[in-house]
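**Student:** First the structure, which I've put down as structure tokens, then a few questions once you've had a look.
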Amino acid sequence: QEKTVYAQSSKKEIAKKALSLIKNGMIILTEAGTTILELVRMIPDDLEATFFTVSPLMALELAEHPLLNVILLGGHIDMSSQITLGEKPVSDLSEISVDLCFLGANAIDAKEGLTEVEWSVVQVKKAMIRASSKLAIITISEKLNSAHKMKVCGLSTIDYLITELNPEDSRLTAYKKNVHLL
């Protein structure tokens, strides 16, 4: 369902930057989220790639692109996170290897890393990270310097941090030595 997206212009800027990481022939893993949705909607129709996702909405959006191979990893659909949760997606993720994973951030901090609110979401995100050669976190800058109680990964696990900010922005200084900023 279409709805008003908070900070949509910032999310579109982030999506444009994230799109630069996607190349023909890649195997990519995504979750849910409005920023990832903006990224999926920007994918050019001539891109040939395979996308795994734990998000039914992302699977439907990705299926609109004629040359993409789209694989939805099943499980219990959690309506608050809009991803599949439980043993099934975690098990399925242990059997794949992807070039790049895009995750959104509920909270990210230079000391605490990527954190979440729900334990079951943490388990799926950790399995996604283990299945990936590279990890890109895409988030609006207001989620920087915040943390929740449940850790997904440390900053050293993250390859790319993509925000709407210029990589030289002072709000990103604490992240610079650990991740590539876009």
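By convention in this document, the chains of the structure tokens carry letters A, B, ... by their order, each chain's residues are numbered from 1, and ligands are numbered from 1 in the order they are shown.
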Which polymer residues have any atom within 6 Å of an atom of region 131-135 of chain A, counting only C-alpha atoms, with same-chain residues fewer than 6 positions away left out, as a VMD selection string?

**Tutor:** chain A and resid 96 to 101 158 to 159

**Student:** What does the file look like for those residues with all heavy atoms, as a tab-separated table (two decimals), in the first residue's frame?

**Tutor:**
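The file below, part.tsv, is the result:
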```
chain	number	residue	atom	x	y	z
A	96	ILE	N	23.41	-20.08	1.58
A	96	ILE	CA	23.70	-19.23	0.42
A	96	ILE	C	24.92	-18.35	0.70
A	96	ILE	O	25.32	-18.16	1.85
A	96	ILE	CB	22.49	-18.34	0.02
A	96	ILE	CG1	22.13	-17.33	1.12
A	96	ILE	CG2	21.29	-19.20	-0.36
A	96	ILE	CD1	21.09	-16.31	0.72
A	97	SER	N	25.49	-17.84	-0.37
A	97	SER	CA	26.60	-16.90	-0.29
A	97	SER	C	26.33	-15.79	-1.30
A	97	SER	O	26.18	-16.07	-2.49
A	97	SER	CB	27.92	-17.61	-0.61
A	97	SER	OG	28.99	-16.70	-0.56
A	98	VAL	N	26.25	-14.57	-0.82
A	98	VAL	CA	25.92	-13.45	-1.69
A	98	VAL	C	27.06	-12.44	-1.73
A	98	VAL	O	27.90	-12.40	-0.84
A	98	VAL	CB	24.60	-12.75	-1.25
A	98	VAL	CG1	23.45	-13.75	-1.20
A	98	VAL	CG2	24.75	-12.05	0.07
A	99	ASP	N	27.07	-11.66	-2.80
A	99	ASP	CA	28.11	-10.64	-2.98
A	99	ASP	C	27.92	-9.45	-2.05
A	99	ASP	O	28.89	-8.90	-1.54
A	99	ASP	CB	28.11	-10.14	-4.43
A	99	ASP	CG	28.38	-11.24	-5.43
A	99	ASP	OD1	29.38	-11.97	-5.24
A	99	ASP	OD2	27.60	-11.38	-6.39
A	100	LEU	N	26.67	-9.04	-1.85
A	100	LEU	CA	26.38	-7.80	-1.14
A	100	LEU	C	25.05	-7.91	-0.42
A	100	LEU	O	24.07	-8.39	-1.00
A	100	LEU	CB	26.35	-6.64	-2.14
A	100	LEU	CG	26.05	-5.25	-1.63
A	100	LEU	CD1	27.09	-4.76	-0.64
A	100	LEU	CD2	25.96	-4.27	-2.81
A	101	CYS	N	25.03	-7.44	0.81
A	101	CYS	CA	23.80	-7.39	1.60
A	101	CYS	C	23.49	-5.94	1.94
A	101	CYS	O	24.37	-5.21	2.40
A	101	CYS	CB	23.98	-8.20	2.88
A	101	CYS	SG	22.57	-8.12	4.01
A	158	ILE	N	30.89	-3.89	9.07
A	158	ILE	CA	30.22	-3.10	8.03
A	158	ILE	C	31.24	-2.61	7.01
A	158	ILE	O	32.25	-2.01	7.38
A	158	ILE	CB	29.46	-1.91	8.66
A	158	ILE	CG1	28.42	-2.44	9.66
A	158	ILE	CG2	28.82	-1.04	7.59
A	158	ILE	CD1	27.84	-1.38	10.58
A	159	ASP	N	30.96	-2.86	5.73
A	159	ASP	CA	31.85	-2.40	4.66
A	159	ASP	C	31.49	-0.99	4.20
A	159	ASP	O	32.38	-0.18	3.92
A	159	ASP	CB	31.79	-3.37	3.48
A	159	ASP	CG	32.30	-4.74	3.86
A	159	ASP	OD1	33.52	-4.86	4.06
A	159	ASP	OD2	31.48	-5.67	4.00
```

**Student:** Mind checking which residues fall within 12 Å of Leu29 (chain A), counting only C-alpha atoms, ignoring those fewer than 3 positions away in the same chain, and posting them as a PyMOL selection string?

**Tutor:** chain A and resi 22+26+32+36+40+49-55+58-59+62+69-73+93+96-104+124-125+127-137

**Student:** Deliver the residues from the most recent selection as a file, using N, CA and C atoms, as a CSV table (one decimal), in the first residue's frame.

**Tutor:**
```csv
chain,number,residue,atom,x,y,z
A,22,ILE,N,25.7,-1.8,-7.0
A,22,ILE,CA,25.1,-2.9,-7.7
A,22,ILE,C,25.6,-3.0,-9.2
A,26,MET,N,25.6,-9.8,-10.1
A,26,MET,CA,25.8,-9.9,-8.6
A,26,MET,C,24.7,-10.7,-8.0
A,32,ALA,N,13.7,-5.5,4.5
A,32,ALA,CA,12.6,-4.5,4.3
A,32,ALA,C,13.1,-3.1,4.6
A,36,ILE,N,15.3,0.9,1.5
A,36,ILE,CA,15.6,-0.2,0.6
A,36,ILE,C,14.5,-0.2,-0.5
A,40,VAL,N,15.3,-0.3,-4.5
A,40,VAL,CA,14.7,-1.3,-5.4
A,40,VAL,C,13.9,-0.7,-6.6
A,49,ALA,N,20.7,-9.6,-12.4
A,49,ALA,CA,21.2,-10.0,-11.1
A,49,ALA,C,20.3,-10.9,-10.4
A,50,THR,N,20.7,-11.5,-9.3
A,50,THR,CA,19.9,-12.4,-8.4
A,50,THR,C,19.7,-11.7,-7.1
A,51,PHE,N,18.5,-11.6,-6.7
A,51,PHE,CA,18.2,-11.0,-5.4
A,51,PHE,C,17.5,-12.0,-4.5
A,52,PHE,N,18.1,-12.2,-3.3
A,52,PHE,CA,17.4,-12.9,-2.2
A,52,PHE,C,16.9,-11.8,-1.3
A,53,THR,N,15.7,-12.1,-0.7
A,53,THR,CA,15.1,-11.2,0.2
A,53,THR,C,14.3,-11.9,1.3
A,54,VAL,N,14.2,-11.4,2.5
A,54,VAL,CA,13.4,-11.9,3.5
A,54,VAL,C,12.1,-11.0,3.6
A,55,SER,N,11.9,-10.1,2.6
A,55,SER,CA,10.8,-9.2,2.7
A,55,SER,C,9.8,-9.5,1.5
A,58,MET,N,9.6,-6.5,-0.8
A,58,MET,CA,10.7,-6.3,-1.7
A,58,MET,C,10.7,-7.3,-2.8
A,59,ALA,N,10.3,-8.6,-2.5
A,59,ALA,CA,10.2,-9.6,-3.5
A,59,ALA,C,9.2,-9.1,-4.6
A,62,LEU,N,10.9,-6.2,-6.6
A,62,LEU,CA,12.0,-6.7,-7.4
A,62,LEU,C,11.4,-7.5,-8.6
A,69,ASN,N,16.4,-12.2,-11.1
A,69,ASN,CA,16.0,-13.5,-10.5
A,69,ASN,C,15.7,-13.2,-9.1
A,70,VAL,N,14.5,-13.4,-8.6
A,70,VAL,CA,14.1,-13.0,-7.3
A,70,VAL,C,13.7,-14.2,-6.4
A,71,ILE,N,14.4,-14.3,-5.3
A,71,ILE,CA,14.1,-15.5,-4.4
A,71,ILE,C,13.7,-15.0,-3.0
A,72,LEU,N,12.5,-15.3,-2.6
A,72,LEU,CA,11.9,-14.9,-1.3
A,72,LEU,C,12.2,-16.0,-0.3
A,73,LEU,N,12.9,-15.7,0.7
A,73,LEU,CA,13.2,-16.6,1.8
A,73,LEU,C,12.0,-16.7,2.8
A,93,LEU,N,19.4,-19.0,4.9
A,93,LEU,CA,20.5,-18.1,4.8
A,93,LEU,C,21.9,-18.8,5.0
A,96,ILE,N,23.4,-20.1,1.6
A,96,ILE,CA,23.7,-19.2,0.4
A,96,ILE,C,24.9,-18.4,0.7
A,97,SER,N,25.5,-17.8,-0.4
A,97,SER,CA,26.6,-16.9,-0.3
A,97,SER,C,26.3,-15.8,-1.3
A,98,VAL,N,26.3,-14.6,-0.8
A,98,VAL,CA,25.9,-13.4,-1.7
A,98,VAL,C,27.1,-12.4,-1.7
A,99,ASP,N,27.1,-11.7,-2.8
A,99,ASP,CA,28.1,-10.6,-3.0
A,99,ASP,C,27.9,-9.4,-2.0
A,100,LEU,N,26.7,-9.0,-1.9
A,100,LEU,CA,26.4,-7.8,-1.1
A,100,LEU,C,25.0,-7.9,-0.4
A,101,CYS,N,25.0,-7.4,0.8
A,101,CYS,CA,23.8,-7.4,1.6
A,101,CYS,C,23.5,-5.9,1.9
A,102,PHE,N,22.2,-5.5,1.7
A,102,PHE,CA,21.8,-4.2,2.1
A,102,PHE,C,20.9,-4.4,3.4
A,103,LEU,N,21.3,-3.7,4.4
A,103,LEU,CA,20.5,-3.7,5.6
A,103,LEU,C,20.1,-2.2,6.0
A,104,GLY,N,19.0,-2.0,6.5
A,104,GLY,CA,18.6,-0.7,7.1
A,104,GLY,C,19.1,-0.7,8.5
A,124,VAL,N,17.8,-12.9,12.3
A,124,VAL,CA,17.7,-13.0,10.9
A,124,VAL,C,18.8,-12.0,10.3
A,125,LYS,N,19.0,-10.9,10.9
A,125,LYS,CA,20.0,-9.9,10.3
A,125,LYS,C,21.4,-10.5,10.5
A,127,ALA,N,22.2,-13.7,10.4
A,127,ALA,CA,22.3,-14.7,9.4
A,127,ALA,C,22.5,-14.1,8.0
A,128,MET,N,21.9,-13.0,7.8
A,128,MET,CA,22.1,-12.3,6.5
A,128,MET,C,23.5,-11.8,6.4
A,129,ILE,N,24.1,-11.3,7.5
A,129,ILE,CA,25.5,-10.8,7.4
A,129,ILE,C,26.4,-12.0,7.2
A,130,ARG,N,26.2,-13.1,7.9
A,130,ARG,CA,27.0,-14.3,7.7
A,130,ARG,C,27.0,-14.8,6.2
A,131,ALA,N,25.9,-14.6,5.5
A,131,ALA,CA,25.8,-15.1,4.1
A,131,ALA,C,26.4,-14.1,3.1
A,132,SER,N,26.9,-13.0,3.6
A,132,SER,CA,27.4,-12.0,2.7
A,132,SER,C,28.8,-11.7,2.7
A,133,SER,N,29.4,-11.5,1.5
A,133,SER,CA,30.8,-11.1,1.3
A,133,SER,C,31.0,-9.6,1.8
A,134,LYS,N,30.0,-8.8,1.4
A,134,LYS,CA,30.1,-7.3,1.8
A,134,LYS,C,28.8,-6.9,2.4
A,135,LEU,N,28.8,-6.0,3.3
A,135,LEU,CA,27.7,-5.5,4.0
A,135,LEU,C,27.6,-4.0,3.9
A,136,ALA,N,26.4,-3.5,3.4
A,136,ALA,CA,26.1,-2.1,3.2
A,136,ALA,C,24.9,-1.7,4.1
A,137,ILE,N,25.2,-0.8,5.0
A,137,ILE,CA,24.1,-0.3,5.9
A,137,ILE,C,23.6,1.0,5.3
```

**Student:** Can you pull out every residue from chain A that DSSP, working from the backbone, puts in helix (DSSP H, G or I), and format the result as a PyMOL selection string?

**Tutor:** chain A and resi 8-19+34-42+56-62+87-93+119-130+141-143+155-157+170-175

**Student:** To test your reading of the structure, identify every residue in region 9-182 of chain A that backbone DSSP assigns to strand (DSSP E or B), and report it as a PyMOL selection string.

**Tutor:** chain A and resi 27-30+49-53+68-72+76-78+83-85+98-104+107-109+113-116+132-138+144+150-153+160-162+180-181

**Student:** Please report the interatomic distance between CA of Glu116 (chain A) and CA of Thr163 (chain A) in Å with one decimal.

**Tutor:**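 Separating CA of Glu116 (chain A) from CA of Thr163 (chain A) is a distance of 18.2 Å.
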
**Student:** Which one of A:Ile14, A:Ser80, A:Asn178, A:Ile138 sits closest to Thr30 (chain A) if you count only C-alpha atoms?

**Tutor:**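 Closest residue, counting only C-alpha atoms: A:Ile138.
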
**Student:** For Arg171 (chain A), list every protein, DNA or RNA residue within 10 Å, evaluated using only C-alpha atoms, and leave out those in the same chain fewer than 4 positions away; present the list as a list in words.

**Tutor:** Ser141, Glu142, Leu144, Asn145, Leu165, Asn166, Pro167, Tyr175 and Lys176 of chain A

**Student:** Please, what distance in Å, to one decimal, runs between CA of Ile83 (chain A) and CA of Gly33 (chain A)?

**Tutor:** 9.3 Å

**Student:** Could you tell me how far CA of Leu161 (chain A) lies from CA of Leu114 (chain A), in Å and to one decimal?

**Tutor:** 10.8 Å

**Student:** Report as a ChimeraX atom specification all protein, DNA and RNA residues lying within 7 Å of region 85-92 of chain A, evaluated on only C-alpha atoms, omitting residues in the same chain fewer than 5 positions from it.

**Tutor:** /A:73-78,120-121,124,127

**Student:** Just write the chosen residues, all heavy atoms, as a compact mmCIF listing (two decimals), in the first residue's frame.

**Tutor:**
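In the end it all went to again.txt:
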```txt
# COMPACT_ATOMS: atom_id res chain seq x y z
N LEU A 73 12.92 -15.68 0.74
CA LEU A 73 13.21 -16.65 1.80
C LEU A 73 12.04 -16.65 2.77
O LEU A 73 11.70 -15.63 3.34
CB LEU A 73 14.51 -16.29 2.51
CG LEU A 73 15.74 -16.24 1.59
CD1 LEU A 73 16.94 -15.70 2.34
CD2 LEU A 73 16.04 -17.61 1.00
N GLY A 74 11.42 -17.80 2.92
CA GLY A 74 10.18 -17.91 3.68
C GLY A 74 10.39 -17.96 5.17
O GLY A 74 11.51 -18.01 5.69
N GLY A 75 9.27 -17.98 5.86
CA GLY A 75 9.24 -18.02 7.31
C GLY A 75 7.99 -17.32 7.80
O GLY A 75 7.11 -16.97 7.02
N HIS A 76 7.92 -17.10 9.09
CA HIS A 76 6.80 -16.37 9.69
C HIS A 76 6.93 -14.89 9.34
O HIS A 76 7.98 -14.29 9.57
CB HIS A 76 6.83 -16.57 11.21
CG HIS A 76 5.93 -15.64 11.95
ND1 HIS A 76 4.57 -15.81 11.99
CD2 HIS A 76 6.19 -14.52 12.64
CE1 HIS A 76 4.03 -14.83 12.70
NE2 HIS A 76 5.00 -14.03 13.10
N ILE A 77 5.89 -14.30 8.77
CA ILE A 77 5.94 -12.87 8.42
C ILE A 77 5.60 -12.06 9.66
O ILE A 77 4.52 -12.18 10.23
CB ILE A 77 4.97 -12.52 7.28
CG1 ILE A 77 5.34 -13.29 6.01
CG2 ILE A 77 4.98 -11.01 7.02
CD1 ILE A 77 4.36 -13.10 4.87
N ASP A 78 6.56 -11.24 10.06
CA ASP A 78 6.37 -10.34 11.19
C ASP A 78 5.89 -9.00 10.64
O ASP A 78 6.58 -8.37 9.85
CB ASP A 78 7.70 -10.16 11.93
CG ASP A 78 7.58 -9.19 13.08
OD1 ASP A 78 6.92 -9.54 14.07
OD2 ASP A 78 8.14 -8.08 12.98
N SER A 120 14.32 -11.61 17.56
CA SER A 120 14.11 -12.42 16.35
C SER A 120 14.61 -11.70 15.10
O SER A 120 15.14 -12.34 14.18
CB SER A 120 12.63 -12.80 16.21
OG SER A 120 11.82 -11.65 16.26
N VAL A 121 14.50 -10.40 15.06
CA VAL A 121 15.02 -9.61 13.94
C VAL A 121 16.55 -9.65 13.95
O VAL A 121 17.19 -9.80 12.90
CB VAL A 121 14.50 -8.15 13.99
CG1 VAL A 121 15.19 -7.28 12.94
CG2 VAL A 121 12.99 -8.11 13.81
N VAL A 124 17.81 -12.94 12.34
CA VAL A 124 17.74 -12.95 10.88
C VAL A 124 18.81 -12.04 10.29
O VAL A 124 19.50 -12.42 9.34
CB VAL A 124 16.33 -12.57 10.38
CG1 VAL A 124 16.31 -12.35 8.87
CG2 VAL A 124 15.32 -13.65 10.78
N ALA A 127 22.18 -13.70 10.44
CA ALA A 127 22.28 -14.74 9.41
C ALA A 127 22.50 -14.12 8.03
O ALA A 127 23.25 -14.66 7.22
CB ALA A 127 21.02 -15.61 9.42
```

**Student:** So which residues touch region 44-48 of chain A within 7 Å, counting only C-alpha atoms, skipping near sequence neighbours fewer than 2 positions away, as number ranges by chain?

**Tutor:** A: 24-25, 42, 65-68

**Student:** Do you know which residues are at most 8 Å from Glu112 (chain A) counting only C-alpha atoms, after dropping those on the same chain fewer than 6 positions away, and could you put them as JSON, numbers by chain?

**Tutor:** {"A": [147, 151, 154, 155]}
